[in-house]
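Down below is the structure, laid out as structure tokens.
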Amino acid sequence: MGENALTVRGLCKSYKDFSLKEISFTLPKGYIMGYVGRNGAGKTTTLGMIAHLIKADGGVCTIDGINYKEQPVAYKEAIGYIGDSDGFMPDFKLKHIRTVCRDFYPTFREQEFDAYMKKWKLPENKKIKEFSRGMKVKLMFAMALCRDTKLLILDEATNGLDPMVRQEILEILQEYIADGERSVLFSTHILSDLEQIADYVFFIHNGAKVFCETKEELQEEYMIVKGGREDLDGKARKYMIGLKETGVGFEAVIKSDDAAYLSRECVFEKPSIDNIVIHMIREMEEAQ
């Protein structure tokens, strides 16, 4: 099979008030990609089309070289999808989940599933509707991890989880890709989580790709700059991305190559993913 876990080419979808525009990217095997943007930017639409939960108007996705049109069963089997709503039947118990997994997924490993249930202390005799949000997310992860998936797709899956459970999930994702054969596509609002584990960042805004780069490339390409009002002349402003002014000074993102054009009194810092995305969103929304 190919060296990419996921290849997306020209994915598009039109709704009455929104359109996703020709989304293309590749995710190599053994890596985690953060898929980021504002609410309504097109994240869930993209991930839903890759998972074939939403029908695309155009474009092609392949997972480990498998095309849905040619091998729909193998394609679906290669994906573990974990969203922010679980879709469980509320009166189901774990025994019902086992039966569904056995019936639907040829590669489901029941012993491994049981080991996760024990490790995460998920109760055998409680109905799913009595499970906490964290318990449901762990159950969804167990269902995905106990099959021969090649790609985990997470759509806001860590929403509403306490920090301890979120940290546990991040560790699971790093274990999942450790063999170098599997990858993760992870949409989340909690960009500090991506800071820890993402290798690539795809930024989408108003249905269009803004950038798709490695985290290291982004942090070399951009800088955070801070300074006093006196450092903010007309020449300096033109290099600023998402300029935020306060009573005493300013903060912005700039291209690293542009630092030479600014006052030496300014403070330059390495940016987080959060810094870059927030300032870019501010810049684009002010330009509208």
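Following the order of the structure tokens, chains are lettered A, B, ..., residues in each are numbered from 1, and ligands are numbered from 1.
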
Fill in: Residues near Ile278 of chain A, cut-off 12 Å, only C-alpha atoms, skip fewer than 2 positions along chain, as an NGL selection string
:A and (36-38 or 189 or 191 or 203 or 205 or 224 or 241-244 or 251-253 or 271-276 or 280-285)

Practice prompt. Find the spatial neighbours of Tyr15 of chain A, counting only C-alpha atoms, within a cut-off of 12 Å - ignore same-chain residues fewer than 2 positions away - and output them as a list in words.
Written response: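 Non-adjacent residues within range: Cys12, Lys13, Asp17, Phe18, Ser19, Leu20, Lys21, Gly42, Thr45, Ile54, Lys55, Ala56, Asp57 and Gly207 of chain A.
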
Got time to write the residues from that selection, N, CA, C and O atoms, as a PDB file, in the first residue's frame?
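Saved the output as out14.pdb:
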```
ATOM      1  N   CYS A  12     -15.231  18.661  -2.205  1.00  0.00           N
ATOM      2  CA  CYS A  12     -16.089  19.851  -2.166  1.00  0.00           C
ATOM      3  C   CYS A  12     -17.540  19.471  -1.848  1.00  0.00           C
ATOM      4  O   CYS A  12     -17.977  18.333  -2.076  1.00  0.00           O
ATOM      5  N   LYS A  13     -18.238  20.453  -1.294  1.00  0.00           N
ATOM      6  CA  LYS A  13     -19.628  20.250  -0.898  1.00  0.00           C
ATOM      7  C   LYS A  13     -20.315  21.616  -0.834  1.00  0.00           C
ATOM      8  O   LYS A  13     -19.789  22.557  -0.227  1.00  0.00           O
ATOM      9  N   ASP A  17     -26.113  27.839   2.321  1.00  0.00           N
ATOM     10  CA  ASP A  17     -25.425  29.011   2.873  1.00  0.00           C
ATOM     11  C   ASP A  17     -23.937  28.777   3.139  1.00  0.00           C
ATOM     12  O   ASP A  17     -23.283  29.548   3.834  1.00  0.00           O
ATOM     13  N   PHE A  18     -23.389  27.691   2.605  1.00  0.00           N
ATOM     14  CA  PHE A  18     -21.983  27.370   2.874  1.00  0.00           C
ATOM     15  C   PHE A  18     -21.446  26.441   1.793  1.00  0.00           C
ATOM     16  O   PHE A  18     -22.165  25.563   1.313  1.00  0.00           O
ATOM     17  N   SER A  19     -20.191  26.637   1.428  1.00  0.00           N
ATOM     18  CA  SER A  19     -19.581  25.677   0.499  1.00  0.00           C
ATOM     19  C   SER A  19     -18.152  25.360   0.926  1.00  0.00           C
ATOM     20  O   SER A  19     -17.413  26.243   1.383  1.00  0.00           O
ATOM     21  N   LEU A  20     -17.816  24.088   0.800  1.00  0.00           N
ATOM     22  CA  LEU A  20     -16.461  23.612   1.056  1.00  0.00           C
ATOM     23  C   LEU A  20     -15.754  23.590  -0.294  1.00  0.00           C
ATOM     24  O   LEU A  20     -16.250  22.996  -1.250  1.00  0.00           O
ATOM     25  N   LYS A  21     -14.586  24.221  -0.359  1.00  0.00           N
ATOM     26  CA  LYS A  21     -13.963  24.510  -1.655  1.00  0.00           C
ATOM     27  C   LYS A  21     -12.687  23.696  -1.872  1.00  0.00           C
ATOM     28  O   LYS A  21     -11.648  23.995  -1.282  1.00  0.00           O
ATOM     29  N   GLY A  42     -16.001  24.402   8.322  1.00  0.00           N
ATOM     30  CA  GLY A  42     -16.053  23.257   7.409  1.00  0.00           C
ATOM     31  C   GLY A  42     -15.339  22.016   7.920  1.00  0.00           C
ATOM     32  O   GLY A  42     -15.161  21.041   7.180  1.00  0.00           O
ATOM     33  N   THR A  45     -17.788  18.937   8.167  1.00  0.00           N
ATOM     34  CA  THR A  45     -18.163  18.559   6.801  1.00  0.00           C
ATOM     35  C   THR A  45     -17.036  17.774   6.140  1.00  0.00           C
ATOM     36  O   THR A  45     -17.256  16.710   5.543  1.00  0.00           O
ATOM     37  N   ILE A  54     -21.097  11.795   5.127  1.00  0.00           N
ATOM     38  CA  ILE A  54     -21.702  12.857   4.322  1.00  0.00           C
ATOM     39  C   ILE A  54     -21.290  12.617   2.876  1.00  0.00           C
ATOM     40  O   ILE A  54     -20.118  12.327   2.606  1.00  0.00           O
ATOM     41  N   LYS A  55     -22.231  12.736   1.958  1.00  0.00           N
ATOM     42  CA  LYS A  55     -21.921  12.526   0.541  1.00  0.00           C
ATOM     43  C   LYS A  55     -21.283  13.781  -0.047  1.00  0.00           C
ATOM     44  O   LYS A  55     -21.836  14.869   0.048  1.00  0.00           O
ATOM     45  N   ALA A  56     -20.106  13.611  -0.641  1.00  0.00           N
ATOM     46  CA  ALA A  56     -19.402  14.739  -1.251  1.00  0.00           C
ATOM     47  C   ALA A  56     -19.994  15.071  -2.617  1.00  0.00           C
ATOM     48  O   ALA A  56     -20.514  14.194  -3.308  1.00  0.00           O
ATOM     49  N   ASP A  57     -19.911  16.341  -3.014  1.00  0.00           N
ATOM     50  CA  ASP A  57     -20.300  16.734  -4.376  1.00  0.00           C
ATOM     51  C   ASP A  57     -19.193  16.396  -5.368  1.00  0.00           C
ATOM     52  O   ASP A  57     -19.450  16.208  -6.564  1.00  0.00           O
ATOM     53  N   GLY A 207     -14.612  27.476   4.683  1.00  0.00           N
ATOM     54  CA  GLY A 207     -14.673  26.401   3.696  1.00  0.00           C
ATOM     55  C   GLY A 207     -13.466  26.275   2.798  1.00  0.00           C
ATOM     56  O   GLY A 207     -13.451  25.447   1.883  1.00  0.00           O
TER      57      GLY A 207
END
```

Practice prompt. Figure out the distance between atom CA of Leu185 of chain A and atom CA of Thr26 of chain A, please, to one decimal in Å.
Written response: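 These two atoms are separated by 10.7 Å.
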
Item to complete: as a ChimeraX atom specification, please: all residues of segment 149-265 of chain A that backbone DSSP puts in strand (DSSP E or B).
Response: /A:151-155,183-187,200-205,208-214,222-228,241-245,249-255

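Using only C-alpha atoms, the shortest contact distance between Ile50 of chain A and any of A:Glu3, A:Asp162, A:Glu112, A:Ile153 is found at A:Ile153.
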
Practice prompt. Compile the contact shell of Arg147 of chain A as JSON, numbers by chain: residues with an atom at most 7 Å away, counting only C-alpha atoms, same-chain residues fewer than 4 positions apart removed.
Written response: {"A": [107, 108, 109]}

Item to complete: Could you pull out the residues in segment 69-285 of chain A that DSSP calls helix (DSSP H, G or I) from the backbone, as a ChimeraX atom specification?
Response: /A:72-77,94-104,110-119,128-130,133-145,163-176,191-197,215-221,229-231,234-237,256-261,273-285

Discussion item. Just want the 6 Å neighbourhood of Lys127 of chain A, counted on only C-alpha atoms, with same-chain residues fewer than 3 positions away dropped. Output as a list in words.
Written reply: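 Surrounding residues, per the criterion: Asp91, Phe92, Lys93 and Glu130 of chain A.
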
Got time to write the residues from that selection, N, CA and C atoms, as a PDB file, in the first residue's frame?
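Wrote out-v2.pdb, looks like this:
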```pdb
ATOM      1  N   ASP A  91     -30.275   2.363  25.770  1.00  0.00           N
ATOM      2  CA  ASP A  91     -30.529   1.227  26.665  1.00  0.00           C
ATOM      3  C   ASP A  91     -29.550   0.067  26.471  1.00  0.00           C
ATOM      4  N   PHE A  92     -28.608   0.234  25.554  1.00  0.00           N
ATOM      5  CA  PHE A  92     -27.587  -0.802  25.349  1.00  0.00           C
ATOM      6  C   PHE A  92     -26.683  -0.915  26.571  1.00  0.00           C
ATOM      7  N   LYS A  93     -26.167  -2.128  26.777  1.00  0.00           N
ATOM      8  CA  LYS A  93     -25.092  -2.360  27.744  1.00  0.00           C
ATOM      9  C   LYS A  93     -23.875  -2.845  26.962  1.00  0.00           C
ATOM     10  N   GLU A 130     -26.432   5.857  31.195  1.00  0.00           N
ATOM     11  CA  GLU A 130     -25.950   6.197  32.534  1.00  0.00           C
ATOM     12  C   GLU A 130     -24.448   6.491  32.545  1.00  0.00           C
TER      13      GLU A 130
END
```
